[in-house]
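Visitor: model.txt is reproduced in full below (compact mmCIF, N, CA and C atoms).
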```
# COMPACT_ATOMS: atom_id res chain seq x y z
N THR A 4 -8.44 6.89 -45.38
CA THR A 4 -9.61 6.63 -44.56
C THR A 4 -9.36 5.39 -43.71
N PHE A 5 -9.74 5.46 -42.45
CA PHE A 5 -9.63 4.31 -41.56
C PHE A 5 -10.81 4.35 -40.59
N THR A 6 -11.13 3.22 -40.04
CA THR A 6 -12.19 3.13 -39.03
C THR A 6 -11.56 2.63 -37.74
N PRO A 7 -11.56 3.47 -36.67
CA PRO A 7 -10.98 3.00 -35.41
C PRO A 7 -11.62 1.70 -34.93
N ALA A 8 -12.93 1.57 -35.02
CA ALA A 8 -13.70 0.37 -34.69
C ALA A 8 -13.45 -0.13 -33.27
N ARG A 9 -14.50 -0.18 -32.54
CA ARG A 9 -14.45 -0.66 -31.15
C ARG A 9 -13.78 -2.03 -31.06
N SER A 10 -13.92 -2.86 -32.07
CA SER A 10 -13.32 -4.19 -32.06
C SER A 10 -11.79 -4.15 -32.10
N ARG A 11 -11.20 -3.02 -32.45
CA ARG A 11 -9.75 -2.89 -32.51
C ARG A 11 -9.16 -2.38 -31.19
N PHE A 12 -10.01 -1.98 -30.28
CA PHE A 12 -9.54 -1.54 -28.97
C PHE A 12 -9.28 -2.76 -28.10
N PRO A 13 -8.58 -2.60 -26.97
CA PRO A 13 -8.36 -3.74 -26.07
C PRO A 13 -9.68 -4.40 -25.68
N PHE A 14 -9.63 -5.67 -25.35
CA PHE A 14 -10.84 -6.45 -25.08
C PHE A 14 -11.73 -5.82 -24.03
N PHE A 15 -11.15 -5.16 -23.03
CA PHE A 15 -11.96 -4.58 -21.95
C PHE A 15 -12.72 -3.32 -22.39
N ALA A 16 -12.43 -2.82 -23.60
CA ALA A 16 -13.11 -1.61 -24.09
C ALA A 16 -14.22 -1.93 -25.09
N ARG A 17 -14.32 -3.15 -25.51
CA ARG A 17 -15.22 -3.49 -26.62
C ARG A 17 -16.70 -3.31 -26.32
N ASP A 18 -17.11 -3.49 -25.09
CA ASP A 18 -18.53 -3.36 -24.75
C ASP A 18 -18.81 -2.07 -23.98
N ARG A 19 -17.90 -1.11 -24.08
CA ARG A 19 -18.05 0.14 -23.34
C ARG A 19 -18.01 1.33 -24.30
N ALA A 20 -18.51 2.45 -23.85
CA ALA A 20 -18.45 3.67 -24.65
C ALA A 20 -17.00 4.15 -24.70
N VAL A 21 -16.53 4.50 -25.89
CA VAL A 21 -15.17 4.99 -26.08
C VAL A 21 -15.27 6.47 -26.45
N THR A 22 -14.64 7.33 -25.65
CA THR A 22 -14.63 8.77 -25.91
C THR A 22 -13.21 9.20 -26.22
N VAL A 23 -12.98 9.70 -27.42
CA VAL A 23 -11.64 10.14 -27.83
C VAL A 23 -11.37 11.51 -27.21
N MET A 24 -10.23 11.63 -26.55
CA MET A 24 -9.85 12.87 -25.87
C MET A 24 -8.79 13.65 -26.65
N ARG A 25 -7.97 12.93 -27.40
CA ARG A 25 -6.87 13.54 -28.14
C ARG A 25 -6.45 12.57 -29.23
N MET A 26 -5.88 13.11 -30.29
CA MET A 26 -5.40 12.28 -31.39
C MET A 26 -4.03 12.80 -31.81
N ASP A 27 -3.05 11.91 -31.88
CA ASP A 27 -1.74 12.25 -32.41
C ASP A 27 -1.64 11.63 -33.80
N VAL A 28 -1.14 12.40 -34.76
CA VAL A 28 -0.91 11.89 -36.10
C VAL A 28 0.57 12.04 -36.38
N LEU A 29 1.19 10.93 -36.78
CA LEU A 29 2.61 10.91 -37.10
C LEU A 29 2.77 10.37 -38.51
N ALA A 30 3.69 10.97 -39.27
CA ALA A 30 3.92 10.52 -40.64
C ALA A 30 5.41 10.42 -40.91
N ARG A 31 5.82 9.32 -41.51
CA ARG A 31 7.20 9.15 -41.94
C ARG A 31 7.23 9.50 -43.42
N SER A 32 8.07 10.47 -43.76
CA SER A 32 8.08 11.00 -45.12
C SER A 32 9.50 11.04 -45.67
N THR A 33 9.61 10.95 -46.98
CA THR A 33 10.90 11.10 -47.63
C THR A 33 11.25 12.58 -47.80
N ALA A 34 10.30 13.47 -47.58
CA ALA A 34 10.51 14.92 -47.71
C ALA A 34 10.63 15.56 -46.33
N THR A 35 11.37 16.65 -46.24
CA THR A 35 11.51 17.35 -44.96
C THR A 35 10.49 18.47 -44.80
N ALA A 36 9.78 18.79 -45.86
CA ALA A 36 8.79 19.87 -45.81
C ALA A 36 7.69 19.55 -44.80
N SER A 37 7.07 20.58 -44.27
CA SER A 37 5.92 20.39 -43.39
C SER A 37 4.71 20.01 -44.22
N TYR A 38 3.71 19.46 -43.55
CA TYR A 38 2.48 19.03 -44.22
C TYR A 38 1.28 19.69 -43.56
N HIS A 39 0.22 19.79 -44.33
CA HIS A 39 -1.07 20.21 -43.79
C HIS A 39 -2.00 19.01 -43.79
N LEU A 40 -2.83 18.93 -42.79
CA LEU A 40 -3.75 17.83 -42.60
C LEU A 40 -5.16 18.39 -42.45
N ARG A 41 -6.10 17.70 -43.04
CA ARG A 41 -7.52 17.95 -42.78
C ARG A 41 -8.12 16.61 -42.37
N MET A 42 -8.98 16.67 -41.39
CA MET A 42 -9.59 15.45 -40.86
C MET A 42 -11.10 15.57 -40.95
N GLY A 43 -11.75 14.46 -41.27
CA GLY A 43 -13.20 14.43 -41.29
C GLY A 43 -13.70 13.17 -40.60
N TYR A 44 -14.86 13.27 -39.97
CA TYR A 44 -15.45 12.12 -39.31
C TYR A 44 -16.95 12.33 -39.17
N THR A 45 -17.62 11.27 -38.73
CA THR A 45 -19.05 11.35 -38.43
C THR A 45 -19.19 11.36 -36.91
N SER A 46 -19.99 12.28 -36.42
CA SER A 46 -20.17 12.38 -34.97
C SER A 46 -21.18 11.34 -34.49
N THR A 47 -21.29 11.21 -33.19
CA THR A 47 -22.27 10.29 -32.61
C THR A 47 -23.69 10.73 -32.92
N ASP A 48 -23.88 12.00 -33.29
CA ASP A 48 -25.19 12.52 -33.70
C ASP A 48 -25.42 12.35 -35.20
N GLU A 49 -24.48 11.66 -35.87
CA GLU A 49 -24.51 11.40 -37.31
C GLU A 49 -24.31 12.65 -38.15
N ASP A 50 -23.67 13.67 -37.59
CA ASP A 50 -23.29 14.86 -38.34
C ASP A 50 -21.91 14.64 -38.94
N THR A 51 -21.67 15.18 -40.14
CA THR A 51 -20.35 15.14 -40.75
C THR A 51 -19.55 16.33 -40.25
N VAL A 52 -18.33 16.06 -39.78
CA VAL A 52 -17.48 17.11 -39.21
C VAL A 52 -16.17 17.13 -39.98
N ASP A 53 -15.75 18.34 -40.41
CA ASP A 53 -14.48 18.53 -41.09
C ASP A 53 -13.65 19.55 -40.33
N SER A 54 -12.36 19.28 -40.21
CA SER A 54 -11.48 20.18 -39.48
C SER A 54 -11.02 21.33 -40.36
N SER A 55 -10.48 22.33 -39.72
CA SER A 55 -9.71 23.34 -40.43
C SER A 55 -8.32 22.73 -40.66
N GLN A 56 -7.45 23.46 -41.31
CA GLN A 56 -6.13 22.96 -41.64
C GLN A 56 -5.28 22.81 -40.38
N ILE A 57 -4.54 21.71 -40.29
CA ILE A 57 -3.70 21.39 -39.13
C ILE A 57 -2.28 21.16 -39.64
N LEU A 58 -1.29 21.72 -38.97
CA LEU A 58 0.11 21.62 -39.40
C LEU A 58 0.79 20.39 -38.81
N LEU A 59 1.47 19.62 -39.67
CA LEU A 59 2.34 18.53 -39.23
C LEU A 59 3.77 18.97 -39.51
N SER A 60 4.57 19.09 -38.47
CA SER A 60 5.96 19.52 -38.62
C SER A 60 6.89 18.39 -38.27
N GLN A 61 8.07 18.39 -38.89
CA GLN A 61 9.06 17.38 -38.60
C GLN A 61 9.64 17.62 -37.21
N VAL A 62 9.74 16.56 -36.41
CA VAL A 62 10.18 16.67 -35.02
C VAL A 62 11.37 15.74 -34.80
N SER A 63 12.52 16.31 -34.50
CA SER A 63 13.73 15.50 -34.34
C SER A 63 13.62 14.54 -33.15
N ALA A 64 12.91 14.94 -32.09
CA ALA A 64 12.75 14.08 -30.92
C ALA A 64 11.96 12.80 -31.25
N TYR A 65 11.24 12.81 -32.36
CA TYR A 65 10.47 11.64 -32.80
C TYR A 65 11.13 10.99 -34.01
N GLY A 66 12.45 11.09 -34.11
CA GLY A 66 13.15 10.46 -35.22
C GLY A 66 12.83 11.10 -36.55
N ASP A 67 12.60 12.40 -36.55
CA ASP A 67 12.26 13.18 -37.74
C ASP A 67 10.91 12.82 -38.35
N LEU A 68 10.04 12.19 -37.57
CA LEU A 68 8.66 12.00 -38.03
C LEU A 68 7.97 13.36 -38.06
N HIS A 69 6.99 13.49 -38.93
CA HIS A 69 6.13 14.67 -38.92
C HIS A 69 5.02 14.37 -37.92
N ARG A 70 4.71 15.34 -37.05
CA ARG A 70 3.79 15.05 -35.96
C ARG A 70 2.88 16.24 -35.68
N THR A 71 1.68 15.90 -35.25
CA THR A 71 0.77 16.90 -34.69
C THR A 71 -0.05 16.23 -33.60
N ALA A 72 -0.46 17.02 -32.63
CA ALA A 72 -1.35 16.55 -31.58
C ALA A 72 -2.64 17.36 -31.69
N ILE A 73 -3.76 16.67 -31.79
CA ILE A 73 -5.05 17.33 -31.92
C ILE A 73 -5.81 17.11 -30.61
N ASP A 74 -5.99 18.19 -29.87
CA ASP A 74 -6.74 18.10 -28.62
C ASP A 74 -8.24 18.12 -28.91
N THR A 75 -9.01 17.88 -27.90
CA THR A 75 -10.45 17.67 -28.02
C THR A 75 -11.16 18.65 -28.93
N THR A 76 -10.89 19.94 -28.78
CA THR A 76 -11.64 20.94 -29.56
C THR A 76 -10.75 21.73 -30.53
N ASP A 77 -9.60 21.21 -30.90
CA ASP A 77 -8.74 21.89 -31.86
C ASP A 77 -9.33 21.84 -33.27
N ALA A 78 -8.98 22.81 -34.08
CA ALA A 78 -9.26 22.84 -35.53
C ALA A 78 -10.74 22.70 -35.87
N GLY A 79 -11.61 23.21 -35.00
CA GLY A 79 -13.04 23.14 -35.27
C GLY A 79 -13.66 21.78 -35.03
N LEU A 80 -12.97 20.93 -34.31
CA LEU A 80 -13.45 19.57 -34.03
C LEU A 80 -13.99 19.47 -32.61
N ASN A 81 -14.67 18.39 -32.34
CA ASN A 81 -15.01 17.98 -30.99
C ASN A 81 -14.80 16.47 -30.95
N LEU A 82 -13.58 16.07 -30.64
CA LEU A 82 -13.22 14.65 -30.69
C LEU A 82 -14.06 13.79 -29.76
N GLU A 83 -14.63 14.38 -28.72
CA GLU A 83 -15.48 13.60 -27.81
C GLU A 83 -16.73 13.08 -28.53
N GLU A 84 -17.09 13.71 -29.65
CA GLU A 84 -18.27 13.28 -30.41
C GLU A 84 -17.93 12.36 -31.57
N LEU A 85 -16.65 12.02 -31.74
CA LEU A 85 -16.23 11.13 -32.83
C LEU A 85 -16.80 9.73 -32.61
N ASP A 86 -17.49 9.19 -33.60
CA ASP A 86 -18.04 7.83 -33.53
C ASP A 86 -16.95 6.87 -33.99
N VAL A 87 -16.37 6.12 -33.05
CA VAL A 87 -15.23 5.25 -33.38
C VAL A 87 -15.60 4.09 -34.30
N ASP A 88 -16.87 3.84 -34.50
CA ASP A 88 -17.29 2.76 -35.39
C ASP A 88 -17.59 3.24 -36.81
N ARG A 89 -17.26 4.48 -37.11
CA ARG A 89 -17.45 5.04 -38.45
C ARG A 89 -16.11 5.51 -39.01
N PRO A 90 -16.00 5.60 -40.32
CA PRO A 90 -14.71 6.00 -40.94
C PRO A 90 -14.26 7.41 -40.55
N VAL A 91 -12.94 7.54 -40.45
CA VAL A 91 -12.27 8.82 -40.24
C VAL A 91 -11.40 9.05 -41.47
N THR A 92 -11.47 10.24 -42.03
CA THR A 92 -10.70 10.56 -43.22
C THR A 92 -9.58 11.54 -42.88
N LEU A 93 -8.37 11.21 -43.32
CA LEU A 93 -7.23 12.11 -43.18
C LEU A 93 -6.77 12.48 -44.59
N ARG A 94 -6.64 13.76 -44.85
CA ARG A 94 -6.10 14.23 -46.13
C ARG A 94 -4.83 15.02 -45.83
N LEU A 95 -3.75 14.67 -46.50
CA LEU A 95 -2.45 15.32 -46.27
C LEU A 95 -1.96 15.97 -47.55
N LYS A 96 -1.24 17.08 -47.39
CA LYS A 96 -0.57 17.73 -48.52
C LYS A 96 0.65 18.44 -48.00
N ARG A 97 1.63 18.65 -48.87
CA ARG A 97 2.76 19.49 -48.48
C ARG A 97 2.23 20.88 -48.20
N ASN A 98 2.85 21.58 -47.29
CA ASN A 98 2.35 22.90 -46.93
C ASN A 98 2.40 23.89 -48.09
N THR A 99 3.20 23.61 -49.11
CA THR A 99 3.29 24.51 -50.27
C THR A 99 2.36 24.09 -51.41
N ALA A 100 1.72 22.94 -51.30
CA ALA A 100 0.84 22.46 -52.37
C ALA A 100 -0.48 23.24 -52.36
N ALA A 101 -1.03 23.41 -53.55
CA ALA A 101 -2.29 24.17 -53.67
C ALA A 101 -3.50 23.36 -53.20
N ASP A 102 -3.44 22.03 -53.35
CA ASP A 102 -4.58 21.20 -52.97
C ASP A 102 -4.10 19.86 -52.45
N TYR A 103 -5.04 18.98 -52.17
CA TYR A 103 -4.72 17.69 -51.53
C TYR A 103 -4.60 16.55 -52.54
N THR A 104 -4.30 16.82 -53.81
CA THR A 104 -4.26 15.76 -54.82
C THR A 104 -2.86 15.24 -55.11
N ALA A 105 -1.81 15.99 -54.85
CA ALA A 105 -0.45 15.59 -55.23
C ALA A 105 -0.01 14.29 -54.57
N LEU A 106 -0.31 14.10 -53.30
CA LEU A 106 0.12 12.87 -52.63
C LEU A 106 -0.66 11.66 -53.14
N ALA A 107 -1.82 11.88 -53.69
CA ALA A 107 -2.58 10.78 -54.28
C ALA A 107 -1.90 10.27 -55.54
N THR A 108 -1.17 11.15 -56.22
CA THR A 108 -0.48 10.73 -57.44
C THR A 108 0.97 10.36 -57.19
N GLN A 109 1.52 10.72 -56.01
CA GLN A 109 2.89 10.37 -55.63
C GLN A 109 2.90 9.81 -54.21
N PRO A 110 2.24 8.67 -53.98
CA PRO A 110 2.09 8.17 -52.60
C PRO A 110 3.38 7.68 -51.97
N ASP A 111 4.44 7.42 -52.75
CA ASP A 111 5.69 6.92 -52.18
C ASP A 111 6.37 7.93 -51.27
N GLU A 112 5.96 9.19 -51.34
CA GLU A 112 6.53 10.22 -50.49
C GLU A 112 6.24 9.94 -49.01
N LEU A 113 5.07 9.39 -48.73
CA LEU A 113 4.71 9.04 -47.37
C LEU A 113 4.90 7.53 -47.18
N GLU A 114 5.79 7.18 -46.26
CA GLU A 114 6.08 5.77 -46.02
C GLU A 114 5.12 5.17 -45.00
N ASP A 115 4.77 5.93 -43.98
CA ASP A 115 3.86 5.47 -42.93
C ASP A 115 3.05 6.65 -42.40
N VAL A 116 1.82 6.37 -42.02
CA VAL A 116 1.00 7.34 -41.29
C VAL A 116 0.42 6.59 -40.11
N MET A 117 0.66 7.11 -38.91
CA MET A 117 0.21 6.46 -37.69
C MET A 117 -0.72 7.40 -36.94
N VAL A 118 -1.77 6.84 -36.39
CA VAL A 118 -2.73 7.61 -35.61
C VAL A 118 -2.80 6.99 -34.22
N VAL A 119 -2.61 7.82 -33.21
CA VAL A 119 -2.68 7.37 -31.82
C VAL A 119 -3.87 8.05 -31.18
N LEU A 120 -4.81 7.25 -30.68
CA LEU A 120 -6.00 7.78 -30.02
C LEU A 120 -5.81 7.71 -28.52
N HIS A 121 -6.03 8.84 -27.87
CA HIS A 121 -6.05 8.90 -26.41
C HIS A 121 -7.52 8.92 -26.04
N TYR A 122 -7.96 8.00 -25.21
CA TYR A 122 -9.40 7.86 -24.97
C TYR A 122 -9.70 7.52 -23.53
N ARG A 123 -10.96 7.67 -23.19
CA ARG A 123 -11.45 7.22 -21.88
C ARG A 123 -12.65 6.31 -22.15
N LEU A 124 -12.93 5.46 -21.18
CA LEU A 124 -14.04 4.52 -21.30
C LEU A 124 -15.19 4.95 -20.43
N GLY A 125 -16.41 4.78 -20.97
CA GLY A 125 -17.60 5.15 -20.21
C GLY A 125 -18.26 3.93 -19.62
```
Could you take the file, read its structure, and then write that structure out as structure tokens?
Guide:
Amino acid sequence: TFTPARSRFPFFARDRAVTVMRMDVLARSTATASYHLRMGYTSTDEDTVDSSQILLSQVSAYGDLHRTAIDTTDAGLNLEELDVDRPVTLRLKRNTAADYTALATQPDELEDVMVVLHYRLG
């Protein structure tokens, strides 16, 4: 779970509306297997939104990081409604795992998880 928080954006964005247009998720892993991701957030209307399953595949052009790009309305989401001042939850699992609990008990498998927000200012 992380909170993008308007205070973490560049100084010129802090007093303006931030609309997320796309989100890239990158993960550095000790395993070569693909991963599945589920994302949850609270919308600006205070509704809870959960995604469908999203695939993270290893990409050699990114130094073998696992990567996915989530566009505005992918996976049952509407990123334009994401409230950047509320927590965002990412749940990851190997694509062969039955549920999302294995990485919680073996967290060393994931070395880094990076989230890149593409946004516009209102």
Visitor: If you count only C-alpha atoms, which residues fall within 10 Å of Leu59 in chain A, apart from same-chain ones fewer than 2 positions away, as a PyMOL selection string?
Guide: chain A and resi 28-30+36-40+56-57+61-62+68-72+95-98
Visitor: List as a list in words the protein and nucleic acid residues near Ala8 in chain A, meaning an atom at most 10 Å away when only C-alpha atoms are counted, but skip any in the same chain fewer than 5 places from it.
Guide: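 The residues satisfying every condition are Arg17, Val21, Asp86, Val87, Asp88, Arg89 and Pro90 of chain A.
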Visitor: Could you take the residues named above and write them with N, CA and C atoms, as a PDB file, keeping the file's coordinate frame?
Guide:
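Here's the written file part_35.pdb:
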```
ATOM      1  N   ARG A  17     -14.320  -3.150 -25.510  1.00  0.00           N
ATOM      2  CA  ARG A  17     -15.220  -3.490 -26.620  1.00  0.00           C
ATOM      3  C   ARG A  17     -16.700  -3.310 -26.320  1.00  0.00           C
ATOM      4  N   VAL A  21     -16.530   4.500 -25.890  1.00  0.00           N
ATOM      5  CA  VAL A  21     -15.170   4.990 -26.080  1.00  0.00           C
ATOM      6  C   VAL A  21     -15.270   6.470 -26.450  1.00  0.00           C
ATOM      7  N   ASP A  86     -17.490   9.190 -33.600  1.00  0.00           N
ATOM      8  CA  ASP A  86     -18.040   7.830 -33.530  1.00  0.00           C
ATOM      9  C   ASP A  86     -16.950   6.870 -33.990  1.00  0.00           C
ATOM     10  N   VAL A  87     -16.370   6.120 -33.050  1.00  0.00           N
ATOM     11  CA  VAL A  87     -15.230   5.250 -33.380  1.00  0.00           C
ATOM     12  C   VAL A  87     -15.600   4.090 -34.300  1.00  0.00           C
ATOM     13  N   ASP A  88     -16.870   3.840 -34.500  1.00  0.00           N
ATOM     14  CA  ASP A  88     -17.290   2.760 -35.390  1.00  0.00           C
ATOM     15  C   ASP A  88     -17.590   3.240 -36.810  1.00  0.00           C
ATOM     16  N   ARG A  89     -17.260   4.480 -37.110  1.00  0.00           N
ATOM     17  CA  ARG A  89     -17.450   5.040 -38.450  1.00  0.00           C
ATOM     18  C   ARG A  89     -16.110   5.510 -39.010  1.00  0.00           C
ATOM     19  N   PRO A  90     -16.000   5.600 -40.320  1.00  0.00           N
ATOM     20  CA  PRO A  90     -14.710   6.000 -40.940  1.00  0.00           C
ATOM     21  C   PRO A  90     -14.260   7.410 -40.550  1.00  0.00           C
TER      22      PRO A  90
END
```
Visitor: Which residues, written as a list in words, have at least one atom at most 6.5 Å from Arg31 in chain A, with only N, CA and C atoms counted and residues fewer than 6 positions away on the same chain left out?
Guide: Asp67, Leu68, His69, Glu112, Leu113, Glu114, Asp115, Val116 and Met117 of chain A
Visitor: Looking at A:Met42, A:Arg25, A:Thr35, A:Ser54, which one is nearest to Leu93 in chain A, with distances taken over only N, CA and C atoms?
Guide: A:Met42
Visitor: Where does DSSP see helix (DSSP H, G or I) in range 4-111 of chain A, if you list the residues as a PyMOL selection string?
Guide: chain A and resi 9-11+14-16+63-65+77-79+82-84+105-108+110-111
Visitor: Have a look at atom C of Asp77 in chain A and atom C of Asp18 in chain A and let me know their distance in Å, one decimal.
Guide: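 These atoms are spaced 27.3 Å apart.
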Visitor: Select all residues near (-13.4, 23.5, -38.1) (cut-off 5 Å, inclusive, file coordinates), counting only N, CA and C atoms, and output them as a ChimeraX atom specification.
Guide: /A:53-55,78-80
Visitor: Please list as a PyMOL selection string every residue within 6 Å of Arg123 in chain A, counting all atoms listed in the file and excluding residues in the same chain fewer than 4 positions away.
Guide: chain A and resi 20-24
Visitor: Have a look at CA of Ala100 in chain A and CA of Tyr65 in chain A and let me know their distance in Å, one decimal.
Guide: 24.3 Å
Visitor: For Arg41 in chain A, which residue out of A:Asn81, A:Arg19, A:Leu58, A:Val118 is the nearest one, using only N, CA and C atoms?
Guide: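 Checking each of A:Asn81, A:Arg19, A:Leu58, A:Val118 against Arg41 in chain A, counting only N, CA and C atoms, the winner is A:Leu58.
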Visitor: Find, counting only C-alpha atoms, the residue in A:Phe14, A:Ala64, A:Ala105, A:Thr92 that gets nearest to Val52 in chain A.
Guide: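 Once distances to Val52 in chain A are computed over only C-alpha atoms, the minimum belongs to A:Thr92.
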Visitor: How many Å separate CA of Asp74 in chain A from CA of Asp111 in chain A?
Guide: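 For CA of Asp74 in chain A relative to CA of Asp111 in chain A, the distance reads 28.9 Å.
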